[in-house]
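One file, protein-v4.pdb, carrying PDB, C-alpha atoms, pLDDT in the B column:
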ATOM      1  CA  MET Z 833      86.375 126.637  86.953  1.00 97.00           C
ATOM      2  CA  LYS Z 834      90.056 125.758  86.703  1.00 98.00           C
ATOM      3  CA  PHE Z 835      92.353 127.182  84.031  1.00 98.00           C
ATOM      4  CA  VAL Z 836      95.850 126.348  82.842  1.00 98.00           C
ATOM      5  CA  ILE Z 837      97.790 128.805  80.664  1.00 98.00           C
ATOM      6  CA  LEU Z 838     100.752 127.402  78.726  1.00 98.00           C
ATOM      7  CA  HIS Z 839     103.332 129.802  77.300  1.00 98.00           C
ATOM      8  CA  GLY Z 840     105.249 129.332  74.067  1.00 98.00           C
ATOM      9  CA  THR Z 841     108.866 128.933  73.039  1.00 97.00           C
ATOM     10  CA  ARG Z 842     111.440 131.173  74.735  1.00 96.00           C
ATOM     11  CA  ALA Z 843     108.717 132.575  76.980  1.00 98.00           C
ATOM     12  CA  THR Z 844     107.696 132.201  80.612  1.00 98.00           C
ATOM     13  CA  SER Z 845     104.466 132.532  82.544  1.00 98.00           C
ATOM     14  CA  ARG Z 846     105.403 136.180  83.177  1.00 98.00           C
ATOM     15  CA  ASP Z 847     105.559 137.219  79.509  1.00 98.00           C
ATOM     16  CA  HIS Z 848     103.083 138.828  77.140  1.00 98.00           C
ATOM     17  CA  TRP Z 849      99.411 138.678  78.194  1.00 98.00           C
ATOM     18  CA  PHE Z 850      99.717 135.606  80.434  1.00 98.00           C
ATOM     19  CA  PRO Z 851      99.938 137.393  83.845  1.00 98.00           C
ATOM     20  CA  TRP Z 852      97.141 139.785  82.855  1.00 98.00           C
ATOM     21  CA  LEU Z 853      94.824 136.956  81.782  1.00 98.00           C
ATOM     22  CA  LYS Z 854      95.630 135.006  84.944  1.00 98.00           C
ATOM     23  CA  ALA Z 855      94.726 138.022  87.102  1.00 98.00           C
ATOM     24  CA  GLU Z 856      91.516 138.666  85.149  1.00 98.00           C
ATOM     25  CA  LEU Z 857      90.362 135.039  85.459  1.00 98.00           C
ATOM     26  CA  GLU Z 858      91.225 134.960  89.159  1.00 98.00           C
ATOM     27  CA  ALA Z 859      89.242 138.173  89.664  1.00 98.00           C
ATOM     28  CA  LEU Z 860      86.261 136.288  88.221  1.00 98.00           C
ATOM     29  CA  GLY Z 861      86.750 133.614  90.908  1.00 98.00           C
ATOM     30  CA  HIS Z 862      88.602 130.964  88.897  1.00 98.00           C
ATOM     31  CA  GLU Z 863      91.658 128.982  89.900  1.00 98.00           C
ATOM     32  CA  VAL Z 864      94.496 129.531  87.406  1.00 98.00           C
ATOM     33  CA  TRP Z 865      97.803 127.716  87.037  1.00 98.00           C
ATOM     34  CA  THR Z 866     100.465 129.258  84.797  1.00 98.00           C
ATOM     35  CA  PRO Z 867     103.426 126.872  84.942  1.00 98.00           C
ATOM     36  CA  ASP Z 868     106.857 127.637  83.555  1.00 98.00           C
ATOM     37  CA  LEU Z 869     107.477 124.815  81.107  1.00 98.00           C
ATOM     38  CA  PRO Z 870     110.919 123.180  81.394  1.00 98.00           C
ATOM     39  CA  ASP Z 871     113.540 124.007  78.761  1.00 97.00           C
ATOM     40  CA  ALA Z 872     111.083 126.187  76.826  1.00 97.00           C
ATOM     41  CA  ASP Z 873     113.822 127.263  74.428  1.00 97.00           C
ATOM     42  CA  ARG Z 874     113.545 123.783  72.927  1.00 97.00           C
ATOM     43  CA  PRO Z 875     110.003 122.475  73.510  1.00 98.00           C
ATOM     44  CA  ASN Z 876     109.844 118.749  74.131  1.00 97.00           C
ATOM     45  CA  ILE Z 877     106.479 117.050  74.480  1.00 97.00           C
ATOM     46  CA  ASP Z 878     107.751 114.281  76.780  1.00 97.00           C
ATOM     47  CA  LYS Z 879     109.445 116.761  79.143  1.00 97.00           C
ATOM     48  CA  TYR Z 880     106.365 118.962  79.139  1.00 98.00           C
ATOM     49  CA  ASN Z 881     104.001 116.068  79.858  1.00 98.00           C
ATOM     50  CA  GLU Z 882     106.216 114.641  82.587  1.00 98.00           C
ATOM     51  CA  TYR Z 883     106.334 118.052  84.247  1.00 98.00           C
ATOM     52  CA  LEU Z 884     102.640 118.938  83.828  1.00 98.00           C
ATOM     53  CA  LEU Z 885     101.325 115.527  84.881  1.00 98.00           C
ATOM     54  CA  GLY Z 886     103.789 115.330  87.792  1.00 97.00           C
ATOM     55  CA  GLN Z 887     102.572 118.450  89.597  1.00 97.00           C
ATOM     56  CA  GLY Z 888      99.433 116.939  91.116  1.00 96.00           C
ATOM     57  CA  TRP Z 889      97.097 119.231  89.180  1.00 98.00           C
ATOM     58  CA  ASP Z 890      93.644 117.806  88.436  1.00 97.00           C
ATOM     59  CA  PHE Z 891      93.051 118.494  84.732  1.00 98.00           C
ATOM     60  CA  ASP Z 892      89.489 117.149  84.700  1.00 97.00           C
ATOM     61  CA  ASN Z 893      87.020 119.757  83.373  1.00 97.00           C
ATOM     62  CA  ASN Z 894      89.748 122.443  83.025  1.00 98.00           C
ATOM     63  CA  VAL Z 895      90.094 125.078  80.369  1.00 98.00           C
ATOM     64  CA  ILE Z 896      93.606 124.937  78.935  1.00 98.00           C
ATOM     65  CA  ILE Z 897      94.846 127.954  77.004  1.00 98.00           C
ATOM     66  CA  GLY Z 898      98.090 127.655  75.085  1.00 98.00           C
ATOM     67  CA  HIS Z 899     100.031 130.115  72.988  1.00 98.00           C
ATOM     68  CA  SER Z 900     102.192 129.082  70.022  1.00 98.00           C
ATOM     69  CA  SER Z 901     104.191 125.976  71.027  1.00 98.00           C
ATOM     70  CA  GLY Z 902     102.136 126.014  74.234  1.00 98.00           C
ATOM     71  CA  SER Z 903      99.059 125.420  72.099  1.00 98.00           C
ATOM     72  CA  VAL Z 904     100.740 122.473  70.397  1.00 98.00           C
ATOM     73  CA  ALA Z 905     101.744 121.224  73.861  1.00 98.00           C
ATOM     74  CA  ILE Z 906      98.030 121.063  74.689  1.00 98.00           C
ATOM     75  CA  LEU Z 907      97.605 118.408  72.019  1.00 98.00           C
ATOM     76  CA  GLY Z 908     100.405 116.283  73.471  1.00 98.00           C
ATOM     77  CA  LEU Z 909      99.037 116.744  76.988  1.00 98.00           C
ATOM     78  CA  LEU Z 910      95.526 115.718  75.990  1.00 98.00           C
ATOM     79  CA  GLN Z 911      96.887 112.615  74.310  1.00 97.00           C
ATOM     80  CA  ALA Z 912      98.739 111.727  77.534  1.00 97.00           C
ATOM     81  CA  LEU Z 913      95.934 112.437  80.017  1.00 98.00           C
ATOM     82  CA  PRO Z 914      94.918 109.440  82.121  1.00 95.00           C
ATOM     83  CA  GLU Z 915      91.908 107.423  81.022  1.00 94.00           C
ATOM     84  CA  GLY Z 916      88.710 109.036  82.273  1.00 95.00           C
ATOM     85  CA  THR Z 917      90.153 112.565  82.401  1.00 97.00           C
ATOM     86  CA  LYS Z 918      88.514 115.032  80.029  1.00 98.00           C
ATOM     87  CA  ILE Z 919      89.025 118.779  79.917  1.00 98.00           C
ATOM     88  CA  ASN Z 920      86.268 121.274  79.266  1.00 98.00           C
ATOM     89  CA  THR Z 921      87.886 123.410  76.553  1.00 98.00           C
ATOM     90  CA  ALA Z 922      91.220 123.757  74.770  1.00 98.00           C
ATOM     91  CA  ILE Z 923      91.922 127.257  73.460  1.00 98.00           C
ATOM     92  CA  LEU Z 924      94.832 127.205  71.011  1.00 98.00           C
ATOM     93  CA  VAL Z 925      96.253 130.653  70.259  1.00 98.00           C
ATOM     94  CA  GLY Z 926      98.685 131.026  67.357  1.00 98.00           C
ATOM     95  CA  SER Z 927      99.024 127.289  66.799  1.00 98.00           C
ATOM     96  CA  PHE Z 928     100.889 125.418  64.082  1.00 98.00           C
ATOM     97  CA  THR Z 929     101.565 121.982  62.644  1.00 98.00           C
ATOM     98  CA  GLU Z 930     104.809 120.150  61.982  1.00 97.00           C
ATOM     99  CA  ARG Z 931     104.846 121.802  58.543  1.00 97.00           C
ATOM    100  CA  LEU Z 932     106.410 124.762  60.354  1.00 96.00           C
ATOM    101  CA  LEU Z 933     109.576 122.637  60.607  1.00 96.00           C
ATOM    102  CA  GLU Z 934     110.046 122.915  56.845  1.00 95.00           C
ATOM    103  CA  ASN Z 935     111.591 126.294  57.667  1.00 94.00           C
ATOM    104  CA  PRO Z 936     115.072 125.631  59.180  1.00 94.00           C
ATOM    105  CA  ARG Z 937     114.523 128.654  61.435  1.00 94.00           C
ATOM    106  CA  PHE Z 938     112.123 126.514  63.502  1.00 96.00           C
ATOM    107  CA  GLU Z 939     114.378 123.447  63.945  1.00 95.00           C
ATOM    108  CA  THR Z 940     114.229 123.900  67.730  1.00 95.00           C
ATOM    109  CA  LEU Z 941     110.539 122.892  67.639  1.00 97.00           C
ATOM    110  CA  LYS Z 942     111.064 119.384  66.263  1.00 96.00           C
ATOM    111  CA  GLU Z 943     110.896 117.676  69.688  1.00 96.00           C
ATOM    112  CA  ILE Z 944     107.329 118.831  70.202  1.00 96.00           C
ATOM    113  CA  PHE Z 945     106.388 116.608  67.257  1.00 96.00           C
ATOM    114  CA  GLU Z 946     108.459 113.511  68.140  1.00 92.00           C
ATOM    115  CA  LYS Z 947     105.328 111.478  68.808  1.00 90.00           C
ATOM    116  CA  PRO Z 948     102.629 111.609  66.146  1.00 95.00           C
ATOM    117  CA  PHE Z 949      99.369 113.101  67.315  1.00 97.00           C
ATOM    118  CA  ASN Z 950      96.369 110.788  67.395  1.00 97.00           C
ATOM    119  CA  PHE Z 951      93.634 113.309  66.639  1.00 98.00           C
ATOM    120  CA  GLU Z 952      90.803 110.843  67.271  1.00 97.00           C
ATOM    121  CA  GLN Z 953      92.186 110.170  70.756  1.00 97.00           C
ATOM    122  CA  ILE Z 954      92.808 113.882  71.383  1.00 98.00           C
ATOM    123  CA  LYS Z 955      89.207 114.740  70.382  1.00 98.00           C
ATOM    124  CA  GLN Z 956      87.960 112.407  73.116  1.00 97.00           C
ATOM    125  CA  LYS Z 957      89.889 114.331  75.803  1.00 98.00           C
ATOM    126  CA  ALA Z 958      88.184 117.741  75.378  1.00 98.00           C
ATOM    127  CA  ARG Z 959      84.587 118.833  75.069  1.00 98.00           C
ATOM    128  CA  ARG Z 960      85.545 121.610  72.655  1.00 98.00           C
ATOM    129  CA  PHE Z 961      88.450 123.149  70.788  1.00 98.00           C
ATOM    130  CA  ILE Z 962      88.681 126.844  70.006  1.00 98.00           C
ATOM    131  CA  PHE Z 963      91.419 128.168  67.738  1.00 98.00           C
ATOM    132  CA  VAL Z 964      92.385 131.842  67.902  1.00 98.00           C
ATOM    133  CA  HIS Z 965      94.596 133.131  65.115  1.00 98.00           C
ATOM    134  CA  SER Z 966      95.444 136.311  63.276  1.00 98.00           C
ATOM    135  CA  ARG Z 967      95.385 136.226  59.496  1.00 98.00           C
ATOM    136  CA  ASP Z 968      98.676 138.166  59.474  1.00 97.00           C
ATOM    137  CA  ASP Z 969     100.602 135.878  61.849  1.00 97.00           C
ATOM    138  CA  HIS Z 970     104.003 135.881  60.125  1.00 95.00           C
ATOM    139  CA  ILE Z 971     105.395 133.177  62.428  1.00 96.00           C
ATOM    140  CA  CYS Z 972     102.633 130.573  62.322  1.00 97.00           C
ATOM    141  CA  PRO Z 973     100.608 130.549  59.082  1.00 97.00           C
ATOM    142  CA  ILE Z 974      96.865 130.566  59.683  1.00 98.00           C
ATOM    143  CA  GLU Z 975      96.436 127.640  57.267  1.00 98.00           C
ATOM    144  CA  GLN Z 976      98.194 125.371  59.766  1.00 98.00           C
ATOM    145  CA  ALA Z 977      95.818 126.392  62.567  1.00 98.00           C
ATOM    146  CA  GLU Z 978      92.877 125.866  60.207  1.00 98.00           C
ATOM    147  CA  ASP Z 979      94.181 122.375  59.431  1.00 98.00           C
ATOM    148  CA  LEU Z 980      94.347 121.504  63.148  1.00 98.00           C
ATOM    149  CA  CYS Z 981      90.923 123.033  63.704  1.00 98.00           C
ATOM    150  CA  GLN Z 982      89.435 120.848  60.986  1.00 98.00           C
ATOM    151  CA  LYS Z 983      91.077 117.683  62.353  1.00 98.00           C
ATOM    152  CA  LEU Z 984      89.651 118.406  65.816  1.00 98.00           C
ATOM    153  CA  ASN Z 985      86.209 119.648  64.736  1.00 98.00           C
ATOM    154  CA  GLY Z 986      87.048 122.918  66.434  1.00 98.00           C
ATOM    155  CA  GLU Z 987      85.840 126.472  66.130  1.00 98.00           C
ATOM    156  CA  MET Z 988      88.117 128.989  64.412  1.00 98.00           C
ATOM    157  CA  ILE Z 989      88.164 132.628  65.509  1.00 98.00           C
ATOM    158  CA  ARG Z 990      90.146 134.819  63.137  1.00 98.00           C
ATOM    159  CA  PHE Z 991      91.520 138.287  63.751  1.00 98.00           C
ATOM    160  CA  ASP Z 992      93.209 140.804  61.509  1.00 98.00           C
ATOM    161  CA  GLY Z 993      96.274 142.860  62.364  1.00 97.00           C
ATOM    162  CA  MET Z 994      97.256 141.007  65.548  1.00 97.00           C
ATOM    163  CA  GLY Z 995     100.274 139.054  64.314  1.00 97.00           C
ATOM    164  CA  HIS Z 996     101.463 136.381  66.737  1.00 98.00           C
ATOM    165  CA  PHE Z 997      99.869 138.014  69.811  1.00 98.00           C
ATOM    166  CA  ILE Z 998     103.221 138.899  71.448  1.00 98.00           C
ATOM    167  CA  ILE Z 999     104.655 142.072  72.975  1.00 96.00           C
ATOM    168  CA  LYS Z1000     107.799 141.891  70.821  1.00 94.00           C
ATOM    169  CA  HIS Z1001     105.673 142.623  67.754  1.00 91.00           C
ATOM    170  CA  ASP Z1002     102.976 144.759  69.376  1.00 94.00           C
ATOM    171  CA  PRO Z1003     103.169 146.295  72.886  1.00 96.00           C
ATOM    172  CA  ARG Z1004      99.387 146.017  73.319  1.00 97.00           C
ATOM    173  CA  PHE Z1005      99.857 142.316  74.031  1.00 98.00           C
ATOM    174  CA  ASP Z1006     100.633 142.858  77.681  1.00 98.00           C
ATOM    175  CA  LYS Z1007      96.826 142.389  77.729  1.00 98.00           C
ATOM    176  CA  PHE Z1008      94.517 140.376  75.488  1.00 98.00           C
ATOM    177  CA  PRO Z1009      90.931 141.497  76.183  1.00 98.00           C
ATOM    178  CA  GLU Z1010      89.645 139.769  73.041  1.00 98.00           C
ATOM    179  CA  LEU Z1011      90.789 136.408  74.414  1.00 98.00           C
ATOM    180  CA  LEU Z1012      89.167 137.119  77.776  1.00 98.00           C
ATOM    181  CA  GLU Z1013      85.922 137.947  75.954  1.00 98.00           C
ATOM    182  CA  ILE Z1014      86.138 134.712  73.939  1.00 98.00           C
ATOM    183  CA  THR Z1015      86.603 132.816  77.196  1.00 98.00           C
ATOM    184  CA  LYS Z1016      83.643 134.562  78.834  1.00 97.00           C
ATOM    185  CA  THR Z1017      81.270 134.085  75.921  1.00 97.00           C
ATOM    186  CA  LYS Z1018      82.307 130.635  74.665  1.00 96.00           C
ATOM    187  CA  VAL Z1019      83.296 128.846  77.872  1.00 95.00           C
ATOM    188  CA  LEU Z1020      81.940 130.437  81.055  1.00 88.00           C
TER
END
Is it possible to express this structure as structure tokens?
Amino acid sequence: MKFVILHGTRATSRDHWFPWLKAELEALGHEVWTPDLPDADRPNIDKYNEYLLGQGWDFDNNVIIGHSSGSVAILGLLQALPEGTKINTAILVGSFTERLLENPRFETLKEIFEKPFNFEQIKQKARRFIFVHSRDDHICPIEQAEDLCQKLNGEMIRFDGMGHFIIKHDPRFDKFPELLEITKTKVL
């Protein structure tokens, strides 16, 4: 199976648990692409889609895992996929809605929401949606992920004590074995 892992704001493909998960999935025989999204300090859905769709990657039947703004980028990517292309599974880790922009601290995220999401169209571009969130995520409130999950008829997997799943807040997130287990049991 083919996997894409999309990092979040102010991150790269080499941060947090992304390289570890890539190596683990490759060890299981899967092809994994972990692109560095352009201008990730200020996520922009059009820039992201132009970059992702311009690399020649075949997204059909992929599993796309996104963290934070990378999970929101999945929604924009699915909406922009060519007709007839459908991914296997979208796994959205630490996701959020545009309500996050009500906090001026997150002004840099506004360009990821420039185009309204058409959730009916997005639902048609993935066989399943899995949301992974910690109840104590102090950056992205779990209620926003639950709202997205409901709109997409997804499955919500909740954790306690894991925050936003990043090394800055917890050094254990150079790995994410719980996410690998979710992938093995729910997707593979």
task: Report as a list in words the full result of the PyMOL selection byres ((chain Z and resi 961) around 9) when it is applied to this structure.
output: Asn920, Thr921, Ala922, Ile923, Leu924, Lys955, Ala958, Arg959, Arg960, Ile962, Phe963, Cys981, Leu984, Asn985, Gly986, Glu987 and Met988 of chain Z
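You will find CA of Arg1004 in chain Z at 28.5 Å from CA of Ile944 in chain Z.
Taking CA of Lys854 in chain Z and CA of Gln911 in chain Z as the two end points, the separation is 24.8 Å.
With CA of Leu913 in chain Z on one side and CA of Phe850 in chain Z on the other, the separation reads 23.5 Å.
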field: Residues matched by the PyMOL selection byres ((chain Z and resi 947) around 9) as a list in words
entry: Ile877, Asp878, Gly908, Glu943, Ile944, Phe945, Glu946, Pro948 and Phe949 of chain Z
- prompt: Do you know which residues are at most 7 Å from range 928-935 of chain Z counting all atoms listed in the file, after dropping those on the same chain fewer than 5 positions away, and could you put them as a PyMOL selection string?
  reply: chain Z and resi 904+942+945+972+976-977
Explicit residues for the PyMOL selection byres ((chain Z and resi 906) around 10) (as a ChimeraX atom specification): /Z:836-838,877,880-881,896-899,901-905,907-912,922-924,954
